[in-house]
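final.csv (CSV, C-alpha atoms)
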chain,number,residue,atom,x,y,z
A,1,MET,CA,-4.1,12.0,4.4
A,2,GLY,CA,-3.8,12.8,0.7
A,3,PHE,CA,-5.4,9.6,-0.7
A,4,THR,CA,-6.6,10.1,-4.3
A,5,ASP,CA,-10.1,9.0,-5.3
A,6,GLU,CA,-8.5,6.6,-7.8
A,7,TYR,CA,-6.3,5.0,-5.1
A,8,LEU,CA,-9.3,4.6,-2.7
A,9,MET,CA,-11.3,2.9,-5.5
A,10,ARG,CA,-8.3,0.6,-6.2
A,11,CYS,CA,-8.4,-0.3,-2.5
A,12,TRP,CA,-12.1,-0.9,-2.6
A,13,ARG,CA,-11.9,-3.1,-5.7
A,14,GLY,CA,-9.0,-5.1,-4.1
A,15,ARG,CA,-10.4,-5.3,-0.6
A,16,ASN,CA,-10.2,-9.2,-0.7
A,17,LEU,CA,-6.4,-9.0,-0.8
A,18,TRP,CA,-6.3,-7.7,2.8
A,19,ARG,CA,-9.1,-9.9,4.3
A,20,GLY,CA,-6.8,-11.6,6.8
A,21,LYS,CA,-5.3,-8.4,8.2
A,22,PRO,CA,-6.2,-7.7,11.8
A,23,ALA,CA,-7.3,-4.1,12.4
A,24,LYS,CA,-4.9,-2.0,14.5
A,25,PRO,CA,-5.4,1.5,15.8
A,26,GLY,CA,-4.3,4.0,13.1
A,27,ASP,CA,-5.4,1.8,10.2
A,28,TRP,CA,-7.4,3.5,7.5
A,29,TYR,CA,-10.4,1.8,5.9
A,30,LEU,CA,-13.4,2.4,3.6
A,31,THR,CA,-17.0,1.6,4.5
A,32,GLY,CA,-20.5,2.7,3.8
A,33,ASP,CA,-22.7,3.6,0.8
A,34,PRO,CA,-21.5,6.1,-0.3
A,35,LEU,CA,-18.0,5.1,0.8
A,36,ARG,CA,-16.4,7.0,3.7
A,37,LEU,CA,-12.8,7.0,4.8
A,38,GLU,CA,-12.5,6.0,8.4
A,39,LEU,CA,-9.7,5.6,10.9
A,40,VAL,CA,-9.5,2.7,13.4
A,41,GLY,CA,-9.3,4.0,16.9
A,42,VAL,CA,-8.3,2.2,20.1
A,43,GLN,CA,-12.0,1.5,20.9
A,44,GLU,CA,-12.9,0.5,17.4
A,45,THR,CA,-10.5,-2.4,16.6
A,46,GLY,CA,-13.4,-4.9,16.8
A,47,LYS,CA,-15.6,-2.9,14.5
A,48,ALA,CA,-13.2,-2.7,11.5
A,49,VAL,CA,-13.1,-6.3,10.4
A,50,PHE,CA,-11.3,-6.4,7.1
A,51,ALA,CA,-12.8,-9.8,6.3
A,52,ALA,CA,-16.2,-8.2,6.0
A,53,ALA,CA,-17.4,-7.6,2.4
A,54,ASP,CA,-18.4,-4.0,3.1
A,55,ILE,CA,-15.0,-2.8,4.5
A,56,ALA,CA,-11.8,-2.2,2.6
A,57,TYR,CA,-8.4,-1.7,4.2
A,58,VAL,CA,-6.5,1.4,2.9
A,59,PRO,CA,-2.7,1.1,3.4
A,60,ASP,CA,-1.0,4.5,4.0
A,61,ALA,CA,2.5,5.3,2.9
A,62,ASP,CA,4.0,4.0,6.1
A,63,ASP,CA,2.2,0.6,5.7
A,64,LEU,CA,3.3,0.4,2.1
A,65,LEU,CA,7.0,1.2,2.9
A,66,GLU,CA,6.9,-1.6,5.6
A,67,LEU,CA,5.5,-4.0,3.0
A,68,LEU,CA,8.3,-3.1,0.6
A,69,ASP,CA,10.8,-3.8,3.4
A,70,ASN,CA,9.2,-7.2,3.9
A,71,GLN,CA,9.6,-8.0,0.2
A,72,VAL,CA,13.3,-7.0,0.3
A,73,ARG,CA,13.7,-9.4,3.3
A,74,VAL,CA,12.0,-12.3,1.4
A,75,ALA,CA,14.2,-11.6,-1.6
A,76,GLY,CA,17.3,-12.1,0.7
A,77,GLY,CA,18.2,-8.5,1.1
A,78,TYR,CA,18.5,-6.1,4.0
A,79,PRO,CA,15.9,-3.3,4.0
A,80,ALA,CA,18.4,-0.8,5.4
A,81,GLN,CA,20.6,-1.4,2.4
A,82,LYS,CA,17.9,-0.9,-0.3
A,83,SER,CA,18.0,2.1,-2.6
A,84,LEU,CA,14.7,3.8,-3.0
A,85,THR,CA,14.4,6.7,-5.4
A,86,ILE,CA,11.0,8.5,-5.8
A,87,ARG,CA,10.5,11.2,-8.4
A,88,TYR,CA,7.6,13.5,-9.1
A,89,ASP,CA,7.5,14.9,-12.7
A,90,ALA,CA,6.0,18.0,-14.2
A,91,GLU,CA,3.0,16.1,-15.5
A,92,GLY,CA,2.0,15.3,-12.0
A,93,LEU,CA,3.0,11.7,-12.0
A,94,TRP,CA,5.1,9.6,-9.6
A,95,ASN,CA,8.0,7.4,-10.5
A,96,LEU,CA,10.0,4.9,-8.4
A,97,ASP,CA,13.2,2.8,-8.6
A,98,VAL,CA,13.9,0.3,-5.9
A,99,GLU,CA,17.3,-1.6,-5.9
A,100,TYR,CA,17.7,-4.5,-3.4
A,101,ALA,CA,19.3,-7.9,-3.2
A,102,GLU,CA,20.6,-7.6,-6.8
A,103,CYS,CA,17.1,-6.8,-8.0
A,104,LEU,CA,15.7,-3.7,-9.5
A,105,THR,CA,12.1,-2.7,-9.6
A,106,HIS,CA,10.8,0.3,-11.6
A,107,VAL,CA,7.3,1.8,-11.4
A,108,ARG,CA,6.3,4.7,-13.6
A,109,LYS,CA,3.5,7.2,-14.1
A,110,GLN,CA,1.4,6.7,-11.0
A,111,GLU,CA,-1.2,9.3,-9.9
A,112,SER,CA,-0.2,9.2,-6.2
A,113,ILE,CA,2.5,8.1,-3.9
A,114,HIS,CA,0.2,5.4,-2.5
A,115,SER,CA,-0.5,3.9,-5.9
A,116,LEU,CA,3.3,4.1,-6.6
A,117,LEU,CA,4.2,2.2,-3.5
A,118,VAL,CA,1.4,-0.4,-3.8
A,119,SER,CA,2.4,-1.0,-7.5
A,120,ALA,CA,6.1,-1.5,-6.4
A,121,PHE,CA,4.9,-4.0,-3.7
A,122,PHE,CA,3.0,-6.1,-6.1
A,123,GLY,CA,5.8,-5.9,-8.7
A,124,MET,CA,8.4,-7.1,-6.0
A,125,ALA,CA,6.0,-9.9,-4.8
A,126,GLN,CA,5.7,-11.2,-8.4
A,127,ARG,CA,9.5,-11.4,-8.7
A,128,ILE,CA,9.6,-13.7,-5.6
A,129,GLU,CA,7.0,-16.2,-6.7

With the file now loaded, output its structure as structure tokens.
Amino acid sequence: MGFTDEYLMRCWRGRNLWRGKPAKPGDWYLTGDPLRLELVGVQETGKAVFAAADIAYVPDADDLLELLDNQVRVAGGYPAQKSLTIRYDAEGLWNLDVEYAECLTHVRKQESIHSLLVSAFFGMAQRIE
């Protein structure tokens, strides 16, 4: 899947943020000691309870793009009309610009596409509050 160790630890430390999310087949999560990355299967939706203290939801890029679209909607924009520019630089870092509903969000120097998108999501959410 391409999750970096830093992103996975960020998910683990922030696991309380997703406690109310119901598990769906295809969701990634961390569990165990040492931590293991697991995938929710059709038969396992009852086992991955994100409210549990020893499980952390791990949003993938599709999940994060959907969350960005939700933020655009909340800001009064139309997701299909947003401008999303992602750049990868020579230093191995990711950069993003999102333009939507007369708003502009910039995220710079993230180690992975996942960290980039989750940072944009939180930045957009702060704008709305």

Problem - Nearest-residue call for Leu68 in chain A, choices A:Ser119, A:Gln43, A:Gln110, A:Asn95, using only C-alpha atoms - result: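 Among A:Ser119, A:Gln43, A:Gln110, A:Asn95, it is A:Ser119 that comes nearest to Leu68 in chain A.
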
Handout entry: Nearby residues, (10.8, -12.5, -0.1) file frame, 9 Å, all atoms listed in the file, as a ChimeraX atom specification
Key = /A:70-77,124-125,127-129

Problem - CA of Asn16 in chain A to CA of Tyr29 in chain A, distance in Å rounded to a single decimal - result: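 Computing the Euclidean distance for CA of Asn16 in chain A and CA of Tyr29 in chain A yields 12.8 Å.
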
Problem - From A:Phe3, A:Tyr57, A:Tyr78, A:Phe121, residue lying nearest Trp28 in chain A [only C-alpha atoms] - result: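 Of the candidates, the smallest distance to Trp28 in chain A is held by A:Tyr57.
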
Exercise for the section: Using CA of Trp94 in chain A and CA of Glu111 in chain A as the two end points, give the distance in Å to one decimal. Expected result: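 It comes out at 6.3 Å.
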
Handout entry: Selected residue, from A:Pro25, A:Pro79, A:Pro59, A:Gly123, that lies nearest to Cys11 in chain A when counting all atoms listed in the file
Key =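 Nearest candidate to Cys11 in chain A out of A:Pro25, A:Pro79, A:Pro59, A:Gly123: A:Pro59.
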
Fill in the blank from the handout: Gly2 in chain A proximity check over A:Ile113, A:Asp63, A:Ala53, A:Val107, using only C-alpha atoms: winner is A:Ile113

Problem - Top pick for closest residue to Ala56 in chain A, considering A:Leu84, A:Leu37, A:Ala101, A:Leu116 and counting all atoms listed in the file - result: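 Answer, going by the shortest atom-to-atom distance: A:Leu37.
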
Handout entry: Top pick for closest residue to Leu64 in chain A, considering A:Leu93, A:Asp27, A:Arg108, A:Gly20 and counting all atoms listed in the file
Key = A:Asp27

Problem - Residues within 10 Å of Leu35 in chain A, all atoms listed in the file, excluding chain neighbours under 2 positions, as a ChimeraX atom specification - result: /A:8-9,12,29-33,37-38,54-56

Problem - Point-to-point distance in Å for CA of Arg87 in chain A and CA of Gly26 in chain A - result: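 Calculated distance between CA of Gly26 in chain A and CA of Arg87 in chain A is 27.1 Å.
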
Please write range 19-56 of chain A of the preceding block to a file containing C-alpha atoms, as an mmCIF file, in the first residue's frame?
data_model
loop_
_atom_site.group_PDB
_atom_site.id
_atom_site.type_symbol
_atom_site.label_atom_id
_atom_site.label_comp_id
_atom_site.auth_asym_id
_atom_site.auth_seq_id
_atom_site.Cartn_x
_atom_site.Cartn_y
_atom_site.Cartn_z
ATOM 1 C CA ARG A 19 -13.102 6.094 17.237
ATOM 2 C CA GLY A 20 -16.633 6.503 15.891
ATOM 3 C CA LYS A 21 -15.879 5.242 12.403
ATOM 4 C CA PRO A 22 -17.591 1.961 11.561
ATOM 5 C CA ALA A 23 -15.303 -0.650 10.020
ATOM 6 C CA LYS A 24 -15.951 -1.478 6.371
ATOM 7 C CA PRO A 25 -14.361 -4.138 4.175
ATOM 8 C CA GLY A 26 -11.225 -2.672 2.641
ATOM 9 C CA ASP A 27 -10.350 -0.443 5.626
ATOM 10 C CA TRP A 28 -6.743 -0.584 6.808
ATOM 11 C CA TYR A 29 -5.947 -0.659 10.513
ATOM 12 C CA LEU A 30 -3.090 -1.196 12.972
ATOM 13 C CA THR A 31 -3.232 -3.632 15.845
ATOM 14 C CA GLY A 32 -0.973 -5.777 18.009
ATOM 15 C CA ASP A 33 2.297 -5.483 19.836
ATOM 16 C CA PRO A 34 4.390 -5.046 17.755
ATOM 17 C CA LEU A 35 1.977 -3.177 15.486
ATOM 18 C CA ARG A 36 0.786 -4.975 12.364
ATOM 19 C CA LEU A 37 -1.026 -3.473 9.408
ATOM 20 C CA GLU A 38 -4.245 -5.377 8.714
ATOM 21 C CA LEU A 39 -7.083 -5.109 6.221
ATOM 22 C CA VAL A 40 -10.754 -5.477 7.148
ATOM 23 C CA GLY A 41 -12.304 -8.307 5.174
ATOM 24 C CA VAL A 42 -15.982 -9.043 4.659
ATOM 25 C CA GLN A 43 -15.964 -11.572 7.522
ATOM 26 C CA GLU A 44 -13.934 -9.312 9.833
ATOM 27 C CA THR A 45 -16.019 -6.141 10.071
ATOM 28 C CA GLY A 46 -17.020 -7.013 13.654
ATOM 29 C CA LYS A 47 -13.400 -7.627 14.737
ATOM 30 C CA ALA A 48 -12.001 -4.238 13.713
ATOM 31 C CA VAL A 49 -13.692 -1.938 16.190
ATOM 32 C CA PHE A 50 -11.995 1.432 15.864
ATOM 33 C CA ALA A 51 -13.324 2.491 19.270
ATOM 34 C CA ALA A 52 -11.011 -0.069 20.900
ATOM 35 C CA ALA A 53 -7.830 1.376 22.427
ATOM 36 C CA ASP A 54 -5.616 -1.213 20.710
ATOM 37 C CA ILE A 55 -6.778 -0.605 17.116
ATOM 38 C CA ALA A 56 -6.031 2.386 14.883
#
